[in-house]
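J.: Next up, structure-v8.txt (compact mmCIF, C-alpha atoms).
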```txt
# COMPACT_ATOMS: atom_id res chain seq x y z
CA MET A 1 133.56 171.60 86.25
CA SER A 2 133.49 168.60 83.97
CA ASP A 3 130.50 167.57 81.93
CA PRO A 4 129.18 164.23 83.27
CA GLN A 5 127.91 163.28 79.83
CA ARG A 6 131.42 163.60 78.34
CA THR A 7 133.33 162.11 81.25
CA ARG A 8 134.69 158.71 80.35
CA PRO A 9 134.53 155.98 82.95
CA ASP A 10 137.73 154.48 84.23
CA PRO A 11 138.83 151.57 82.10
CA PRO A 12 138.41 148.22 83.77
CA GLY A 13 141.60 147.05 85.39
CA PRO A 14 143.08 145.59 88.53
CA VAL A 15 141.97 148.55 90.67
CA ALA A 16 138.84 149.53 88.78
CA TRP A 17 135.30 148.29 89.02
CA PRO A 18 134.09 145.88 87.83
CA PRO A 19 137.09 143.64 88.33
CA HIS A 20 138.66 142.50 85.10
CA ASP A 21 140.31 139.16 84.45
CA PRO A 22 142.38 139.27 81.26
CA ARG A 23 142.33 135.47 80.99
CA PRO A 24 139.63 134.03 78.72
CA PRO A 25 136.81 132.29 80.58
CA GLY A 26 137.47 128.57 80.89
CA ARG A 27 135.00 125.85 80.10
CA PRO A 28 133.81 123.73 83.03
CA GLU A 29 135.23 120.27 83.12
CA PRO A 30 132.68 117.80 81.65
CA VAL A 31 131.25 115.12 83.87
CA ARG A 32 132.77 111.76 83.04
CA ALA A 33 130.61 108.74 82.22
CA GLY A 34 131.53 106.87 85.40
CA ARG A 35 130.65 109.83 87.58
CA ARG A 36 127.35 110.31 85.74
CA ILE A 37 126.46 106.67 86.31
CA ALA A 38 127.28 107.06 90.01
CA GLN A 39 125.05 110.13 90.21
CA ALA A 40 122.17 108.29 88.54
CA PHE A 41 122.64 105.28 90.82
CA GLY A 42 122.58 107.50 93.92
CA ALA A 43 119.44 109.27 92.72
CA VAL A 44 117.72 105.95 92.08
CA LEU A 45 118.66 104.69 95.55
CA GLY A 46 117.16 107.86 97.03
CA VAL A 47 113.91 107.30 95.14
CA GLN A 48 113.76 103.69 96.34
CA ALA A 49 114.36 104.73 99.94
CA LEU A 50 111.56 107.31 99.71
CA ALA A 51 109.18 104.76 98.18
CA ALA A 52 110.05 102.18 100.86
CA PHE A 53 109.41 104.74 103.60
CA ALA A 54 106.01 105.58 102.10
CA VAL A 55 105.07 101.90 101.85
CA LEU A 56 106.05 101.19 105.46
CA LEU A 57 104.13 104.28 106.60
CA ILE A 58 100.98 103.05 104.84
CA LEU A 59 101.23 99.46 106.07
CA ASN A 60 101.78 100.54 109.68
CA SER A 61 99.19 103.31 109.96
CA TYR A 62 95.44 103.75 109.81
CA ARG A 63 95.80 104.07 106.02
CA ARG A 64 96.39 100.32 105.74
CA SER A 65 92.84 99.82 104.47
CA ALA A 66 93.71 101.96 101.43
CA ALA A 67 96.87 99.97 100.63
CA GLY A 68 95.07 98.19 97.80
CA TRP A 69 95.17 101.34 95.64
CA LEU A 70 97.93 103.38 97.32
CA LEU A 71 100.67 100.77 96.87
CA PRO A 72 100.14 100.40 93.09
CA LEU A 73 100.13 104.19 92.80
CA ILE A 74 103.45 104.40 94.66
CA GLY A 75 104.86 101.66 92.43
CA VAL A 76 103.91 103.53 89.25
CA ALA A 77 105.40 106.80 90.55
CA ASP A 78 108.55 104.97 91.64
CA ALA A 79 109.00 103.30 88.25
CA ALA A 80 108.37 106.57 86.38
CA ALA A 81 110.91 108.51 88.46
CA THR A 82 113.51 105.74 88.15
CA LEU A 83 113.15 105.43 84.38
CA GLN A 84 113.35 109.22 84.01
CA ILE A 85 116.59 109.36 86.00
CA CYS A 86 118.14 106.54 83.99
CA TRP A 87 117.01 107.98 80.63
CA LEU A 88 118.55 111.36 81.46
CA ALA A 89 121.79 109.67 82.48
CA ILE A 90 121.94 107.71 79.19
CA ARG A 91 121.28 110.90 77.22
CA ASP A 92 124.05 112.78 79.04
CA ILE A 93 126.51 109.95 78.45
CA ARG A 94 125.71 109.92 74.75
CA LEU A 95 126.31 113.67 74.54
CA LEU A 96 129.82 113.19 75.94
CA GLY A 97 130.90 111.54 72.70
CA GLY A 98 133.96 109.33 72.51
CA ARG A 99 133.90 105.79 73.80
CA THR A 100 130.67 105.70 75.77
CA ALA A 101 129.26 102.40 74.52
CA GLY A 102 130.55 100.52 77.58
CA PRO A 103 129.10 102.91 80.18
CA ARG A 104 125.80 103.03 78.29
CA ARG A 105 125.58 99.23 78.27
CA LEU A 106 126.41 99.17 81.97
CA LEU A 107 123.70 101.71 82.77
CA THR A 108 121.19 99.87 80.58
CA ALA A 109 121.98 96.64 82.44
CA LEU A 110 121.48 98.45 85.76
CA VAL A 111 118.13 99.78 84.51
CA LEU A 112 116.99 96.27 83.54
CA LEU A 113 118.11 94.80 86.86
CA LEU A 114 116.39 97.61 88.71
CA ALA A 115 113.19 97.07 86.71
CA ALA A 116 113.28 93.38 87.58
CA GLY A 117 113.82 94.26 91.24
CA LEU A 118 110.94 96.73 91.18
CA ALA A 119 108.65 94.13 89.63
CA GLY A 120 109.62 91.52 92.21
CA GLY A 121 109.30 94.01 95.06
CA GLY A 122 105.93 95.19 93.80
CA TYR A 123 104.66 91.64 93.62
CA ALA A 124 105.92 90.91 97.13
CA LEU A 125 104.31 94.08 98.47
CA HIS A 126 101.03 93.19 96.75
CA ARG A 127 101.11 89.73 98.31
CA HIS A 128 101.86 91.24 101.70
CA ALA A 129 99.16 93.90 101.39
CA THR A 130 96.46 91.44 100.33
CA ALA A 131 97.40 88.48 102.57
CA PRO A 132 95.18 88.04 105.64
CA VAL A 133 96.46 89.36 108.95
CA ARG A 134 97.59 86.61 111.32
CA GLY A 135 95.65 86.14 114.53
CA VAL A 136 95.31 83.67 117.39
CA LEU A 137 92.32 82.06 119.06
CA GLY A 138 90.85 84.02 121.94
CA ALA A 139 92.65 87.29 121.10
CA PRO A 140 91.15 90.33 119.32
CA VAL A 141 92.31 90.90 115.74
CA GLN A 142 91.12 93.63 113.41
CA ASP A 143 90.09 93.67 109.76
CA GLY A 144 88.99 97.10 108.61
CA ASP A 145 86.61 98.48 111.23
CA LEU A 146 85.62 95.06 112.61
CA THR A 147 87.47 93.54 115.55
CA PHE A 148 87.07 89.76 115.76
CA THR A 149 87.58 87.46 118.72
CA ALA A 150 87.11 83.80 117.79
CA TYR A 151 87.41 80.55 119.69
CA GLY A 152 88.20 77.06 118.46
CA PRO A 153 85.58 75.38 116.25
CA ARG A 154 83.57 72.39 117.40
CA CYS A 155 82.53 70.04 114.63
CA GLY A 156 79.79 67.42 114.71
CA VAL A 157 77.38 69.54 116.76
CA LYS A 158 73.62 69.20 116.45
CA ILE A 159 71.41 72.28 116.51
CA LYS A 160 67.64 71.96 116.61
CA GLY A 161 65.95 73.24 113.49
CA ILE A 162 69.09 73.34 111.35
CA ALA A 163 69.68 70.54 108.88
CA ALA A 164 73.15 70.03 107.48
CA ALA A 165 74.19 68.47 104.18
CA GLY A 166 77.34 67.23 105.86
CA THR A 167 78.59 68.15 109.34
CA LEU A 168 78.05 71.35 111.29
CA CYS A 169 81.06 73.16 112.75
CA ARG A 170 80.35 75.88 115.29
CA VAL A 171 82.68 78.79 116.07
CA ARG A 172 82.07 81.09 119.02
CA LEU A 173 82.59 84.61 117.71
CA THR A 174 82.52 88.24 118.81
CA ALA A 175 82.63 90.95 116.15
CA ALA A 176 82.76 94.62 117.28
CA ASN A 177 82.32 97.59 114.97
CA SER A 178 84.94 100.14 116.03
CA GLY A 179 84.33 102.48 113.08
CA SER A 180 82.03 105.45 112.61
CA ALA A 181 79.75 103.86 109.99
CA ALA A 182 77.36 100.93 110.08
CA LEU A 183 78.64 97.57 108.80
CA ARG A 184 77.08 94.22 107.99
CA LEU A 185 78.56 90.98 109.26
CA ASP A 186 78.01 88.40 106.53
CA ALA A 187 78.27 84.69 107.35
CA ALA A 188 79.06 83.80 103.72
CA ALA A 189 82.15 86.08 103.74
CA GLN A 190 83.81 83.90 106.40
CA ARG A 191 85.80 80.74 105.60
CA LEU A 192 86.75 77.62 107.50
CA HIS A 193 89.74 75.96 105.84
CA GLY A 194 90.65 72.30 105.92
CA GLY A 195 92.54 69.82 103.82
CA ASP A 196 90.01 70.09 100.98
CA GLY A 197 89.97 73.91 100.84
CA GLY A 198 87.78 76.58 102.36
CA HIS A 199 84.08 76.43 103.15
CA PRO A 200 81.88 79.53 103.57
CA GLY A 201 79.84 80.21 106.67
CA SER A 202 76.16 79.37 106.45
CA VAL A 203 74.39 81.11 109.33
CA LEU A 204 74.90 83.33 112.36
CA LEU A 205 73.35 82.29 115.66
CA ARG A 206 72.67 84.61 118.57
CA PRO A 207 71.12 83.56 121.88
CA SER A 208 67.73 85.10 122.56
CA ARG A 209 65.57 85.53 125.64
CA SER A 210 63.41 82.58 124.60
CA LYS A 211 66.45 80.30 125.04
CA ARG A 212 66.48 79.74 121.32
CA TYR A 213 68.96 80.96 118.79
CA ALA A 214 68.09 83.87 116.54
CA ARG A 215 69.29 82.82 113.08
CA SER A 216 70.36 85.08 110.22
CA ALA A 217 72.64 84.92 107.20
CA SER A 218 73.97 88.40 108.01
CA ARG A 219 73.62 90.95 110.76
CA ALA A 220 73.74 94.75 110.74
CA LEU A 221 76.27 96.29 113.12
CA PRO A 222 75.77 100.01 113.78
CA ALA A 223 78.82 102.03 114.78
CA GLY A 224 79.97 101.04 118.26
CA SER A 225 77.84 97.86 118.42
CA SER A 226 78.95 94.23 118.47
CA PHE A 227 77.75 90.71 117.76
CA THR A 228 78.35 87.84 120.17
CA GLY A 229 77.17 84.41 119.21
CA TYR A 230 78.08 81.52 116.92
CA LEU A 231 79.08 81.15 113.30
CA LEU A 232 78.06 77.88 111.65
CA PHE A 233 79.78 76.08 108.80
CA ASP A 234 78.28 73.20 106.84
CA VAL A 235 81.28 71.04 105.92
CA PRO A 236 81.72 67.50 104.50
CA SER A 237 81.74 64.56 106.87
CA GLY A 238 85.18 63.84 108.27
CA PHE A 239 86.27 67.45 107.82
CA ALA A 240 89.27 68.52 109.95
CA PRO A 241 89.51 72.31 110.43
CA ARG A 242 92.91 73.93 110.03
CA ALA A 243 92.34 77.68 109.79
CA LEU A 244 89.56 80.21 110.22
CA GLU A 245 89.44 83.21 107.91
CA LEU A 246 87.29 86.19 108.92
CA HIS A 247 86.41 89.25 106.85
CA ALA A 248 84.74 92.57 107.59
CA THR A 249 83.48 92.53 103.98
CA GLY A 250 83.75 90.10 101.10
CA GLU A 251 86.53 92.20 99.53
CA SER A 252 88.55 93.01 102.66
CA ARG A 253 92.02 91.70 103.46
CA GLY A 254 90.74 89.51 106.27
CA VAL A 255 92.34 87.78 109.23
CA ARG A 256 93.57 84.19 109.38
CA ILE A 257 93.58 82.20 112.60
CA GLU A 258 95.16 78.77 112.77
CA VAL A 259 92.83 76.32 114.54
CA GLY A 260 94.49 72.98 113.87
CA GLY A 261 94.30 70.85 116.99
CA ALA A 262 91.97 73.34 118.72
```
Could you show the structure in this file as structure tokens?
T.:
Amino acid sequence: MSDPQRTRPDPPGPVAWPPHDPRPPGRPEPVRAGRRIAQAFGAVLGVQALAAFAVLLILNSYRRSAAGWLLPLIGVADAAATLQICWLAIRDIRLLGGRTAGPRRLLTALVLLLAAGLAGGGYALHRHATAPVRGVLGAPVQDGDLTFTAYGPRCGVKIKGIAAAGTLCRVRLTAANSGSAALRLDAAAQRLHGGDGGHPGSVLLRPSRSKRYARSASRALPAGSSFTGYLLFDVPSGFAPRALELHATGESRGVRIEVGGA
């Protein structure tokens, strides 16, 4: 019986284990500069597609109210990922040695063009995210948790007890709080635009049981409540209204309703 401590294992060979390849291990073929640029370009396109999907998801969901800080955050993350991909590609091309100046210049140019595109796209998204939502007279339109329904303004009206520096324009308005927290409808946050710019609202009027209007500069709207009445604007004589801009708060995106010819 043989001693297991002195028994020699079978030498590696074609029929032994582990299998033995007498050829020296070969080096993997290096990635060429053109292929590396294509890989970087594909990765950047993937990042842009993911960022575009996230932006569209925010702008078309209930998270739209947070677009003011979410979109810049997505832009910063997008730029950081893109620059990282391009920097790694430039580093890999430099490590290849040989004539890599041309590919490096090409990749640098692509990075600059992409940066310019990102800046332009970010600016366009910012303009889109902060521009007022378009609405029409007589149809509900929402800004934040307030849903507005406005009707065409009437200018030159006279209201007992209210003196105007110029001309009074009256807009019939309904504002409903569809959120879960109380809000305040502020007359000064609303704008009536004409050829000479926008003019803030001056007072809210609400019919009362005494057949007189209850006047206030702002009105509290608990969750689920609404305001139905009139919004007054004190505008210069000869003013021709063109658009009505309504806001849930002074800092909200707002809604814009064209009223020219109403």
J.: Near stretch 143-159 of chain A, within 6 Å and counting only C-alpha atoms, which residues show up once chain neighbours fewer than 4 positions away are dropped, as a PyMOL selection string?
T.: chain A and resi 137-139+167-179+248+254+262
J.: Go through A:Ser180, A:Leu88, A:Ser202, A:Pro72 one by one, measure the shortest atom-to-atom distance of each to A:Ala163 using all atoms listed in the file, and give the residue with the smallest value.
T.: A:Ser202
J.: Kindly give the distance, in Å, that separates atom CA of A:Arg32 and atom CA of A:Gly117, rounded to a single decimal.
T.: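 Here the two named atoms are 27.1 Å from each other.
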J.: Please determine, counting only C-alpha atoms, which residue among A:Ala77, A:Leu192, A:Ala220, A:Ile90 has the shortest atom-to-atom distance to A:Val259.
T.: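 Using only C-alpha atoms, A:Val259 sits closest to A:Leu192.
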J.: In Å to one decimal, how far is atom CA of A:Gly250 from atom CA of A:Gly201?
T.: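 Answer for the atom CA of A:Gly201 to atom CA of A:Gly250 separation: 12.0 Å.
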J.: Select, from A:Pro132, A:Leu246, A:Arg127, A:Cys86, the residue with the minimum atom-to-atom distance to A:Leu112, counting all atoms listed in the file.
T.: A:Cys86
J.: Distance atom CA of A:Arg134-atom CA of A:Ala51, one decimal place?
T.: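 Interatomic distance, atom CA of A:Arg134 to atom CA of A:Ala51: 25.2 Å.
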J.: Please determine, counting all atoms listed in the file, which residue among A:Gly161, A:Pro140, A:Gly135, A:Gly224 has the shortest atom-to-atom distance to A:Ile257.
T.: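 Residue with the minimum atom-to-atom distance to A:Ile257: A:Gly135.
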J.: Of the candidates A:Ala33, A:Ile74, A:Val111, A:Ala188, which shows the shortest atom-to-atom distance to A:Ala52, using only C-alpha atoms?
T.: A:Ile74
J.: Between A:Leu110, A:Val136, A:Leu96, A:Ala165, which is the closest to A:Val235 once you count only C-alpha atoms?
T.: A:Ala165
J.: Around (121.3, 102.4, 91.8) in the file's own coordinates, what residues are found within 12 Å if you use all atoms listed in the file, given back as a PyMOL selection string?
T.: chain A and resi 36-49+82-83+85-86+89+106-115+117-118
J.: Enclose stretch 214-221 of chain A, meaning all of its atoms listed in the file, in a box aligned along x, y and z, pad it by 8 Å on each side, and list the centre and edge lengths in Å to one decimal, as JSON.
T.:
```
{"center_x": 72.2, "center_y": 89.6, "center_z": 111.9, "size_x": 24.2, "size_y": 29.5, "size_z": 25.3}
```
